[in-house]
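*Asks:* As input, take final23.txt (compact mmCIF, C-alpha atoms and all ligand atoms):
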# COMPACT_ATOMS: atom_id res chain seq x y z
CA MET A 1 227.79 249.97 133.49
CA GLY A 2 224.00 250.25 133.16
CA GLU A 3 222.83 249.03 129.75
CA SER A 4 226.15 247.51 128.78
CA ALA A 5 226.57 245.15 131.73
CA MET A 6 227.19 241.57 130.61
CA ILE A 7 225.41 240.30 133.72
CA LYS A 8 222.86 242.24 135.70
CA LEU A 9 221.22 240.80 138.79
CA ASP A 10 218.34 242.85 140.04
CA ALA A 11 217.11 242.40 143.63
CA LEU A 12 217.39 238.60 143.72
CA GLY A 13 215.80 236.69 146.55
CA LYS A 14 215.86 232.94 147.15
CA ARG A 15 214.75 230.88 150.11
CA PHE A 16 214.98 227.15 150.70
CA HIS A 17 213.10 224.86 153.04
CA GLY A 18 215.90 223.34 155.09
CA PRO A 19 215.73 220.68 157.83
CA SER A 20 215.46 223.41 160.49
CA GLY A 21 213.09 225.78 158.69
CA LEU A 22 213.41 228.41 155.99
CA VAL A 23 216.91 229.38 154.86
CA THR A 24 217.53 232.66 153.05
CA ALA A 25 220.19 231.91 150.44
CA LEU A 26 219.86 235.21 148.55
CA ASP A 27 218.63 238.33 150.29
CA ASP A 28 218.01 241.24 147.92
CA VAL A 29 221.18 240.79 145.86
CA SER A 30 221.84 243.29 143.08
CA LEU A 31 225.01 243.26 141.03
CA GLU A 32 226.36 244.27 137.64
CA ILE A 33 229.31 242.59 135.99
CA ALA A 34 230.94 244.16 132.92
CA GLU A 35 231.92 242.33 129.77
CA GLY A 36 235.45 240.95 130.00
CA GLU A 37 235.63 241.27 133.75
CA ILE A 38 236.95 238.57 136.10
CA PHE A 39 234.61 238.91 139.03
CA GLY A 40 235.09 237.05 142.32
CA VAL A 41 232.52 236.15 144.95
CA ILE A 42 233.95 235.12 148.30
CA GLY A 43 232.38 234.07 151.57
CA ARG A 44 232.09 231.25 154.05
CA SER A 45 230.36 227.97 153.38
CA GLY A 46 226.60 228.52 153.29
CA ALA A 47 226.85 232.23 152.45
CA GLY A 48 224.84 231.77 149.23
CA LYS A 49 227.68 231.84 146.68
CA SER A 50 226.64 228.75 144.70
CA THR A 51 223.01 229.84 144.71
CA LEU A 52 224.08 233.23 143.32
CA LEU A 53 226.23 231.64 140.63
CA ARG A 54 223.52 229.18 139.60
CA ALA A 55 221.01 232.02 139.40
CA ILE A 56 223.06 233.58 136.57
CA ASN A 57 221.94 230.86 134.16
CA LEU A 58 218.75 230.10 136.11
CA LEU A 59 219.90 226.63 137.12
CA GLU A 60 218.53 228.01 140.39
CA ARG A 61 215.47 230.14 139.71
CA PRO A 62 215.22 233.03 142.22
CA ASP A 63 211.92 233.60 144.03
CA GLN A 64 212.31 237.32 143.47
CA GLY A 65 214.14 239.66 141.12
CA ARG A 66 215.39 239.48 137.58
CA VAL A 67 218.48 238.16 135.80
CA PHE A 68 219.81 239.83 132.64
CA VAL A 69 222.56 238.29 130.54
CA GLY A 70 223.78 240.33 127.59
CA GLY A 71 220.73 242.56 128.04
CA VAL A 72 218.25 239.66 127.80
CA ASP A 73 215.91 239.11 130.76
CA LEU A 74 216.32 235.37 131.34
CA THR A 75 213.61 235.33 133.99
CA GLY A 76 211.07 236.25 131.31
CA LEU A 77 212.01 233.53 128.80
CA ARG A 78 210.18 230.32 127.98
CA SER A 79 212.13 227.11 128.40
CA ASP A 80 213.17 226.67 124.73
CA ALA A 81 214.45 230.24 124.48
CA LEU A 82 216.15 229.88 127.85
CA ARG A 83 217.95 226.75 126.65
CA LEU A 84 219.44 228.73 123.76
CA GLU A 85 220.52 231.62 126.00
CA ARG A 86 222.17 229.18 128.39
CA ARG A 87 224.66 228.28 125.66
CA ARG A 88 226.21 231.70 126.25
CA VAL A 89 227.16 230.52 129.72
CA GLY A 90 229.70 227.77 130.47
CA MET A 91 230.31 226.34 133.89
CA ILE A 92 233.12 224.53 135.73
CA PHE A 93 232.93 222.76 139.08
CA GLN A 94 235.03 221.69 142.04
CA HIS A 95 234.65 218.00 141.25
CA PHE A 96 234.99 218.42 137.46
CA ASN A 97 231.80 216.41 136.66
CA LEU A 98 233.44 214.47 133.81
CA LEU A 99 231.94 211.31 132.34
CA ALA A 100 234.19 208.46 133.45
CA ARG A 101 233.60 206.18 130.45
CA ARG A 102 234.20 208.86 127.84
CA SER A 103 237.60 209.90 126.57
CA VAL A 104 238.91 213.42 127.07
CA TYR A 105 237.94 214.21 123.48
CA ASP A 106 234.42 212.85 123.90
CA ASN A 107 233.89 214.73 127.17
CA VAL A 108 234.71 218.01 125.44
CA ALA A 109 232.58 217.02 122.42
CA LEU A 110 229.49 216.18 124.49
CA PRO A 111 227.81 219.61 124.56
CA LEU A 112 228.36 219.88 120.81
CA GLU A 113 226.80 216.47 120.18
CA LEU A 114 223.81 217.57 122.24
CA ALA A 115 223.59 220.76 120.19
CA GLY A 116 223.43 218.64 117.02
CA LEU A 117 226.72 219.57 115.35
CA THR A 118 228.21 217.23 112.74
CA ARG A 119 231.25 215.08 113.51
CA ARG A 120 233.39 217.34 111.40
CA GLU A 121 232.14 220.54 113.04
CA ILE A 122 232.74 218.94 116.41
CA ARG A 123 236.30 217.99 115.50
CA ASP A 124 237.04 221.52 114.29
CA ARG A 125 235.97 222.89 117.67
CA VAL A 126 237.38 220.24 119.99
CA ARG A 127 240.91 220.03 118.54
CA PRO A 128 241.80 223.72 119.11
CA LEU A 129 240.25 223.60 122.59
CA LEU A 130 242.43 220.66 123.55
CA GLU A 131 245.43 222.63 122.25
CA LEU A 132 244.34 225.65 124.29
CA VAL A 133 244.23 223.64 127.53
CA GLU A 134 247.40 221.72 126.56
CA LEU A 135 245.80 218.30 126.48
CA ALA A 136 246.04 217.48 122.77
CA ASP A 137 248.20 214.46 123.60
CA LYS A 138 245.61 213.15 126.09
CA ALA A 139 242.61 213.19 123.73
CA ASP A 140 242.07 209.42 123.88
CA GLN A 141 242.63 208.96 127.61
CA VAL A 142 239.81 208.43 130.08
CA PRO A 143 239.55 210.90 132.99
CA ALA A 144 240.75 208.34 135.56
CA LYS A 145 244.21 208.48 133.96
CA LEU A 146 244.50 212.24 134.49
CA SER A 147 245.73 214.38 137.38
CA GLY A 148 243.34 216.78 139.12
CA GLY A 149 244.69 219.75 137.21
CA GLN A 150 244.32 217.91 133.89
CA LYS A 151 240.74 216.95 134.76
CA GLN A 152 239.91 220.58 135.42
CA ARG A 153 241.47 221.50 132.08
CA VAL A 154 239.08 219.06 130.42
CA GLY A 155 236.26 220.71 132.37
CA ILE A 156 237.37 224.11 131.07
CA ALA A 157 237.61 222.90 127.46
CA ARG A 158 234.14 221.37 127.72
CA ALA A 159 232.73 224.58 129.21
CA LEU A 160 234.19 226.53 126.28
CA ALA A 161 232.95 224.13 123.58
CA ALA A 162 229.69 225.95 122.93
CA GLU A 163 231.62 229.25 122.61
CA PRO A 164 230.05 230.95 125.63
CA ARG A 165 230.46 234.64 126.48
CA ILE A 166 230.49 233.90 130.20
CA LEU A 167 232.27 231.28 132.27
CA LEU A 168 230.98 230.47 135.76
CA SER A 169 233.41 228.78 138.12
CA ASP A 170 232.15 227.17 141.33
CA GLU A 171 235.19 226.48 143.55
CA ALA A 172 236.99 225.10 140.49
CA THR A 173 240.37 225.05 142.23
CA SER A 174 239.27 224.01 145.72
CA ALA A 175 240.22 220.35 145.19
CA LEU A 176 243.66 221.22 143.76
CA ASP A 177 247.06 221.80 145.36
CA PRO A 178 248.44 225.38 145.39
CA GLN A 179 250.73 224.91 142.38
CA THR A 180 248.00 223.34 140.23
CA THR A 181 245.62 226.06 141.41
CA ARG A 182 248.01 228.70 140.11
CA SER A 183 248.28 227.02 136.73
CA ILE A 184 244.48 226.72 136.38
CA LEU A 185 244.03 230.36 137.41
CA GLY A 186 246.69 231.30 134.86
CA LEU A 187 244.75 229.42 132.19
CA LEU A 188 241.51 231.21 133.15
CA LYS A 189 243.27 234.58 132.95
CA ASP A 190 244.68 233.63 129.54
CA ILE A 191 241.24 232.63 128.26
CA ASN A 192 239.77 235.84 129.64
CA GLN A 193 242.33 237.90 127.73
CA ARG A 194 242.41 235.90 124.52
CA LEU A 195 238.69 235.31 124.12
CA GLY A 196 237.36 238.33 126.01
CA LEU A 197 235.36 235.95 128.15
CA THR A 198 233.58 237.30 131.23
CA ILE A 199 234.39 235.10 134.24
CA VAL A 200 232.47 234.86 137.51
CA LEU A 201 234.38 232.85 140.02
CA ILE A 202 233.27 231.82 143.48
CA THR A 203 235.70 230.70 146.11
CA HIS A 204 236.29 230.63 149.83
CA GLU A 205 239.99 231.44 149.32
CA MET A 206 241.13 235.07 149.18
CA SER A 207 244.39 233.95 147.56
CA VAL A 208 242.36 232.93 144.48
CA VAL A 209 240.68 236.33 144.36
CA ARG A 210 244.01 238.11 144.78
CA GLU A 211 245.53 236.10 141.95
CA ILE A 212 243.11 236.95 139.14
CA CYS A 213 239.97 238.91 140.05
CA ASP A 214 239.42 242.51 138.94
CA ARG A 215 236.59 243.05 141.42
CA VAL A 216 235.20 241.03 144.28
CA ALA A 217 231.99 240.78 146.29
CA VAL A 218 232.03 239.44 149.84
CA MET A 219 228.88 237.48 150.74
CA ASP A 220 227.49 236.72 154.16
CA ALA A 221 224.09 235.17 154.94
CA GLY A 222 222.75 235.74 151.43
CA ARG A 223 223.79 239.38 151.20
CA ILE A 224 226.65 241.21 149.52
CA VAL A 225 228.36 242.95 152.44
CA GLU A 226 231.31 244.41 150.57
CA LEU A 227 231.99 245.12 146.90
CA GLY A 228 234.92 246.77 145.21
CA SER A 229 238.16 246.38 143.30
CA THR A 230 240.27 243.51 144.60
CA PHE A 231 242.94 245.99 145.69
CA ASP A 232 240.51 248.09 147.72
CA VAL A 233 238.73 245.16 149.35
CA LEU A 234 242.04 243.56 150.31
CA THR A 235 243.79 246.69 151.51
CA ARG A 236 240.96 248.67 153.09
CA PRO A 237 238.06 246.36 153.87
CA THR A 238 235.26 247.96 155.88
CA HIS A 239 232.91 245.09 156.79
CA PRO A 240 234.21 242.93 159.68
CA LEU A 241 233.93 239.72 157.63
CA ALA A 242 235.80 241.29 154.70
CA ARG A 243 238.50 242.38 157.13
CA GLU A 244 238.75 238.92 158.59
CA ILE A 245 239.05 237.33 155.15
CA ALA A 246 241.58 239.90 153.95
CA ARG A 247 243.69 239.59 157.10
CA GLY A 248 243.68 235.84 156.62
CA LEU A 249 246.31 236.37 153.93
CA GLU A 250 248.75 237.91 156.37
CA PRO A 251 251.22 235.76 158.27
CA GLU A 252 249.76 235.08 161.66
CA LEU A 253 251.37 236.79 164.61
CA LYS A 254 249.96 235.69 167.96
CA LEU A 255 250.73 238.69 170.12
CA ASP A 256 249.61 237.09 173.37
CA HIS A 257 251.92 234.14 172.64
CA LEU A 258 254.78 236.41 171.66
CA PHE A 259 254.59 238.62 174.75
CA GLY A 260 252.80 236.33 177.20
CA GLU A 261 251.71 238.04 180.42
CA ARG A 262 253.20 241.32 179.25
CA PHE A 263 250.61 241.71 176.50
CA SER A 264 247.76 244.07 177.30
CA GLU A 265 244.64 245.17 175.44
CA VAL A 266 244.70 248.54 177.19
CA PRO A 267 247.47 251.13 177.42
CA VAL A 268 250.00 250.56 180.21
CA LEU A 269 252.18 253.16 181.86
CA GLY A 270 255.76 253.05 180.60
CA GLY A 271 254.95 250.26 178.16
CA THR A 272 255.29 249.98 174.39
CA THR A 273 252.65 250.10 171.67
CA LEU A 274 252.03 247.49 168.98
CA LEU A 275 251.07 248.94 165.60
CA ARG A 276 249.94 247.40 162.34
CA ILE A 277 250.96 249.63 159.44
CA ALA A 278 249.52 248.95 155.99
CA PHE A 279 251.47 250.43 153.10
CA SER A 280 249.49 251.20 150.00
CA GLY A 281 248.95 254.24 147.86
CA PRO A 282 251.75 256.63 146.92
CA HIS A 283 253.99 255.67 149.87
CA ALA A 284 253.81 251.90 149.51
CA GLU A 285 257.49 251.66 148.70
CA ALA A 286 258.95 254.71 150.40
CA PRO A 287 261.42 254.07 153.23
CA VAL A 288 258.85 255.13 155.80
CA ILE A 289 260.23 253.21 158.76
CA SER A 290 263.78 254.54 158.85
CA ASP A 291 262.36 258.02 158.32
CA LEU A 292 260.11 257.56 161.37
CA VAL A 293 262.98 256.61 163.62
CA ARG A 294 265.01 259.64 162.55
CA ARG A 295 262.15 262.10 162.61
CA PHE A 296 260.56 261.20 165.95
CA ASN A 297 263.50 259.72 167.81
CA VAL A 298 261.52 256.60 168.77
CA ASP A 299 262.64 253.02 169.28
CA LEU A 300 261.06 250.70 166.83
CA ASN A 301 261.18 246.93 166.73
CA ILE A 302 259.85 245.20 163.59
CA LEU A 303 257.87 242.08 164.51
CA SER A 304 256.80 241.05 161.01
CA GLY A 305 256.67 242.48 157.54
CA THR A 306 255.44 241.42 154.13
CA ILE A 307 255.34 243.12 150.79
CA ASP A 308 253.03 241.88 148.13
CA HIS A 309 251.53 242.86 144.83
CA ILE A 310 247.79 242.96 144.31
CA GLN A 311 246.72 243.70 140.73
CA ASP A 312 250.30 244.82 140.09
CA ARG A 313 250.17 247.43 142.84
CA PRO A 314 252.54 247.12 145.79
CA TYR A 315 251.02 246.53 149.19
CA GLY A 316 252.86 245.87 152.42
CA VAL A 317 251.91 245.14 156.00
CA MET A 318 254.26 245.63 158.91
CA LYS A 319 253.73 244.95 162.60
CA VAL A 320 255.99 246.92 164.92
CA GLU A 321 256.59 247.58 168.60
CA LEU A 322 257.09 251.22 169.34
CA ALA A 323 258.64 252.74 172.45
CA GLY A 324 258.09 256.41 173.05
CA SER A 325 255.39 258.87 172.19
CA VAL A 326 252.93 257.20 169.82
CA GLU A 327 250.48 259.97 168.89
CA PRO A 328 252.79 262.03 166.65
CA VAL A 329 253.95 258.87 164.89
CA VAL A 330 250.39 257.75 164.17
CA ALA A 331 249.44 261.22 162.99
CA HIS A 332 252.44 261.30 160.67
CA LEU A 333 251.68 257.86 159.20
CA LYS A 334 248.07 258.83 158.61
CA SER A 335 249.18 262.00 156.85
CA LEU A 336 251.01 259.68 154.40
CA GLU A 337 247.70 257.87 153.79
CA LEU A 338 249.01 254.70 155.39
CA GLY A 339 246.63 252.45 157.32
CA VAL A 340 247.51 252.47 161.01
CA GLU A 341 245.92 250.40 163.72
CA VAL A 342 246.85 249.81 167.35
CA LEU A 343 247.01 246.07 168.01
CA GLY A 344 247.73 246.29 171.72
CA TYR A 345 250.31 247.22 174.32
CA VAL A 346 253.20 245.57 176.09
CA ARG A 347 254.23 246.12 179.69
CA SER A 348 257.93 246.72 180.15
CA ALA A 349 259.84 243.65 181.30
CA LEU A 350 261.11 245.62 184.28
CA ARG A 351 257.62 246.41 185.58
CA THR A 352 256.52 242.79 185.28
CA ALA A 353 259.46 241.77 187.37
CA LEU A 354 258.60 244.20 190.13
N1 LIG B 1 218.69 222.84 147.22
C1 LIG B 1 218.73 223.32 148.46
N2 LIG B 1 217.83 222.92 149.39
C2 LIG B 1 217.87 223.41 150.67
N3 LIG B 1 218.76 224.32 151.09
C3 LIG B 1 219.68 224.75 150.20
C4 LIG B 1 219.73 224.27 148.86
N4 LIG B 1 220.75 224.89 148.21
C5 LIG B 1 221.33 225.70 149.12
N5 LIG B 1 220.70 225.63 150.31
C6 LIG B 1 221.02 226.40 151.52
O1 LIG B 1 221.18 227.75 151.15
C7 LIG B 1 222.28 228.35 151.81
C8 LIG B 1 223.27 228.86 150.79
O2 LIG B 1 223.84 227.73 150.12
P1 LIG B 1 224.96 227.87 148.99
O3 LIG B 1 224.49 228.84 147.98
O4 LIG B 1 225.27 226.50 148.52
O5 LIG B 1 226.18 228.50 149.81
P2 LIG B 1 227.75 228.49 149.49
O6 LIG B 1 227.95 228.10 148.06
O7 LIG B 1 228.19 229.88 149.81
O8 LIG B 1 228.37 227.50 150.43
C9 LIG B 1 222.84 227.29 152.74
O9 LIG B 1 222.27 227.46 154.01
C10 LIG B 1 222.36 226.00 152.12
O10 LIG B 1 222.22 224.99 153.08
MG MG B 2 229.00 226.54 147.21
Please go through the file and, once you have read it, give me the structure as structure tokens.
Ligand SMILES: Nc1ncnc2c1ncn2[C@@H]1O[C@H](COP(=O)(O)OP(=O)(O)O)[C@@H](O)[C@H]1O
Ligand SMILES: [Mg+2]

*Replies:*
Amino acid sequence: MGESAMIKLDALGKRFHGPSGLVTALDDVSLEIAEGEIFGVIGRSGAGKSTLLRAINLLERPDQGRVFVGGVDLTGLRSDALRLERRRVGMIFQHFNLLARRSVYDNVALPLELAGLTRREIRDRVRPLLELVELADKADQVPAKLSGGQKQRVGIARALAAEPRILLSDEATSALDPQTTRSILGLLKDINQRLGLTIVLITHEMSVVREICDRVAVMDAGRIVELGSTFDVLTRPTHPLAREIARGLEPELKLDHLFGERFSEVPVLGGTTLLRIAFSGPHAEAPVISDLVRRFNVDLNILSGTIDHIQDRPYGVMKVELAGSVEPVVAHLKSLELGVEVLGYVRSALRTAL
């Protein structure tokens, strides 16, 4: 990316004085985001996501490091020049931040009024934006009359009014139900494609990242602990937190509940083995399981299985109980570039009875 990055964060540091001492919100964070990318930042509450996002337009000024937007070093600008550069960056929020007494139209028009556009210029911008977010028929309503999804659409139209190159989204779907979330994410994707807008989106929900992000950074305690394409971070996370977040998308299977006393963390003589097999890469859709049974003459009991698409690539996870010799099976699966992990062991029912 280098010179052409739309956003470049260089060694950002930020500390706050909290009630119980100094808090490090950003700890040496460097990141480049390309033009036209939808970039996700995920992490737990308090990880530093909002601070990172707000540093992109210097709403939060870092103590250390530099922020470049479109090649311009914002950290070096005086306040009047910074104000102009900030117009390249729109922002949407979890709680919409609409003005309650203003109509939908006037909420979207506000940034343009502040920028000194004429009534006519404002109308020529606001009308198409209301069409874009499918709220043309609600122009004269006040926000209180709108649903959550409609309010966020107003927020999006307002953020786009000044024709920014970048849209920052701080948990913009966290207050919405799953169906409305999908429709807002669909709108963001549409805007990204139609207008070539770069989007940086922070969330604590991996399902949001999976839905629209090209790349994702996982944050923990002010640091980026994992960074990669959404597919790679979801299918082969390396940092423990990234793994935990990625696994959170899988249906939960409580092995100790399922097998009770028979479940064991360590191998047991004459018992079975529980495997998690992740299907991605060239063999994501091949009939691997039936082939295993034939090839190795093992008994295999499928406990759970899902198949999903991440960035249009198939990805499946299966949890199985395997009776028989495990090593050759694992070796074979690994030779197919499948992810294999032993989840535990199960004592045979017979032995428990004895
Ligand atoms: N204005 C502030 N004053 C004091 N502490 C703050 C302030 N803003 C953020 N923090 C602290 O910085 C850390 C990161 O916060 P934040 O960036 O909001 O995290 P996230 O968005 O991931 O939940 C947290 O410990 C938070 O309490
Ligand atoms: Mg936050």

*Asks:* Can you measure atom CA of Asp106 of chain A to atom CA of Leu201 of chain A for me? One decimal in Å is fine.

*Replies:*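 Taking atom CA of Asp106 of chain A and atom CA of Leu201 of chain A, their separation equals 25.7 Å.
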
*Asks:* Could I get the residue neighbourhood of ligand MG 2 (chain B) at 8 Å, counting all atoms listed in the file, as a list in words?

*Replies:*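 Based on all atoms listed in the file, ligand MG 2 (chain B) is surrounded within 8 Å by Ser45, Gly46, Gly48, Lys49, Ser50, Thr51, Asp170, Glu171, Ile202 and Thr203 of chain A.
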
*Asks:* To one decimal place in Å, what is the distance between atom CA of Val342 of chain A and atom CA of Arg276 of chain A?

*Replies:* 6.4 Å

*Asks:* Residues within 9 Å of ligand LIG 1 (chain B) (all atoms listed in the file), as a PyMOL selection string?

*Replies:* chain A and resi 14-19+22-26+42-54+60+170-171+202-204+219-222

*Asks:* Using only C-alpha atoms, which of A:Leu160, A:Glu226, A:Leu114, A:Ile302 sits nearest His239 of chain A?

*Replies:* A:Glu226

*Asks:* Work out how far atom CA of Val346 of chain A is from atom CA of Pro240 of chain A, in Å to one decimal.

*Replies:* 25.2 Å

*Asks:* Using all atoms listed in the file, which protein or nucleic acid residues come within 12 Å of Arg243 of chain A? Drop anything in the same chain fewer than 4 positions from it, and give the result as a PyMOL selection string.

*Replies:* chain A and resi 43+206+218+225-226+232-239+247-250

*Asks:* Which residues are close to Asn107 of chain A, i.e. within 10 Å by only C-alpha atoms, leaving aside same-chain residues fewer than 3 positions away? Reply as a list in words.

*Replies:*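 Once the nearby chain positions are removed, what remains is Asn97, Leu98, Leu99, Ala100, Arg101, Arg102, Ser103, Val104, Leu110, Pro111, Leu112, Val126, Ala139, Val142, Pro143, Val154, Gly155, Ala157 and Arg158 of chain A.
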
*Asks:* Just C-alpha atoms for this one: save the residues we selected as a short mmCIF file (atom, residue, chain, number, x, y, z; two decimals), in the frame of the given file.

*Replies:*
data_model
loop_
_atom_site.label_atom_id
_atom_site.label_comp_id
_atom_site.auth_asym_id
_atom_site.auth_seq_id
_atom_site.Cartn_x
_atom_site.Cartn_y
_atom_site.Cartn_z
CA ASN A 97 231.80 216.41 136.66
CA LEU A 98 233.44 214.47 133.81
CA LEU A 99 231.94 211.31 132.34
CA ALA A 100 234.19 208.46 133.45
CA ARG A 101 233.60 206.18 130.45
CA ARG A 102 234.20 208.86 127.84
CA SER A 103 237.60 209.90 126.57
CA VAL A 104 238.91 213.42 127.07
CA LEU A 110 229.49 216.18 124.49
CA PRO A 111 227.81 219.61 124.56
CA LEU A 112 228.36 219.88 120.81
CA VAL A 126 237.38 220.24 119.99
CA ALA A 139 242.61 213.19 123.73
CA VAL A 142 239.81 208.43 130.08
CA PRO A 143 239.55 210.90 132.99
CA VAL A 154 239.08 219.06 130.42
CA GLY A 155 236.26 220.71 132.37
CA ALA A 157 237.61 222.90 127.46
CA ARG A 158 234.14 221.37 127.72
#

*Asks:* Please provide the set of residues having any atom within 8 Å of segment 82-92 of chain A, restricted to all atoms listed in the file, with same-chain residues fewer than 5 positions apart removed, written as a ChimeraX atom specification.

*Replies:* /A:57,74,77,152,155-156,159-160,162-170,172

*Asks:* Restricting the calculation to all atoms listed in the file: of A:Leu129, A:Ala115, A:Ile38, A:Leu9, which residue gets closest to Gln193 of chain A?

*Replies:* A:Ile38

*Asks:* Near segment 305-313 of chain A, counting only C-alpha atoms, which residues have an atom at most 7 Å away, once you skip same-chain residues fewer than 6 positions from it, shown as an MDAnalysis selection string?

*Replies:* chainID A and resid 210 231 319

*Asks:* When you count only C-alpha atoms, which of these residues is closest to Tyr105 of chain A: A:Leu135, A:Ile56, A:Ile33, A:Val72?

*Replies:* A:Leu135

*Asks:* What's around Phe263 of chain A at 10 Å? Count only C-alpha atoms, leave out sequence neighbours fewer than 2 positions away in its own chain, and write the answer as a list in words.

*Replies:*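 Using only C-alpha atoms, the neighbours found are Leu255, Asp256, His257, Leu258, Phe259, Gly260, Glu261, Glu265, Val266, Pro267, Val268, Gly271, Thr272, Thr273, Leu274, Gly344, Tyr345, Val346, Arg347 and Ser348 of chain A.
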
*Asks:* So which one's closest to Arg294 of chain A, A:Lys334, A:Val329, A:Asp63, A:Ser207? Using all atoms listed in the file, please.

*Replies:*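 Among the listed residues, A:Val329 lies closest to Arg294 of chain A.
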
*Asks:* Nearest to Ser30 of chain A: which of A:Ala136, A:Ile277, A:Ala55, A:Val288 is it, counting only C-alpha atoms?

*Replies:* A:Ala55
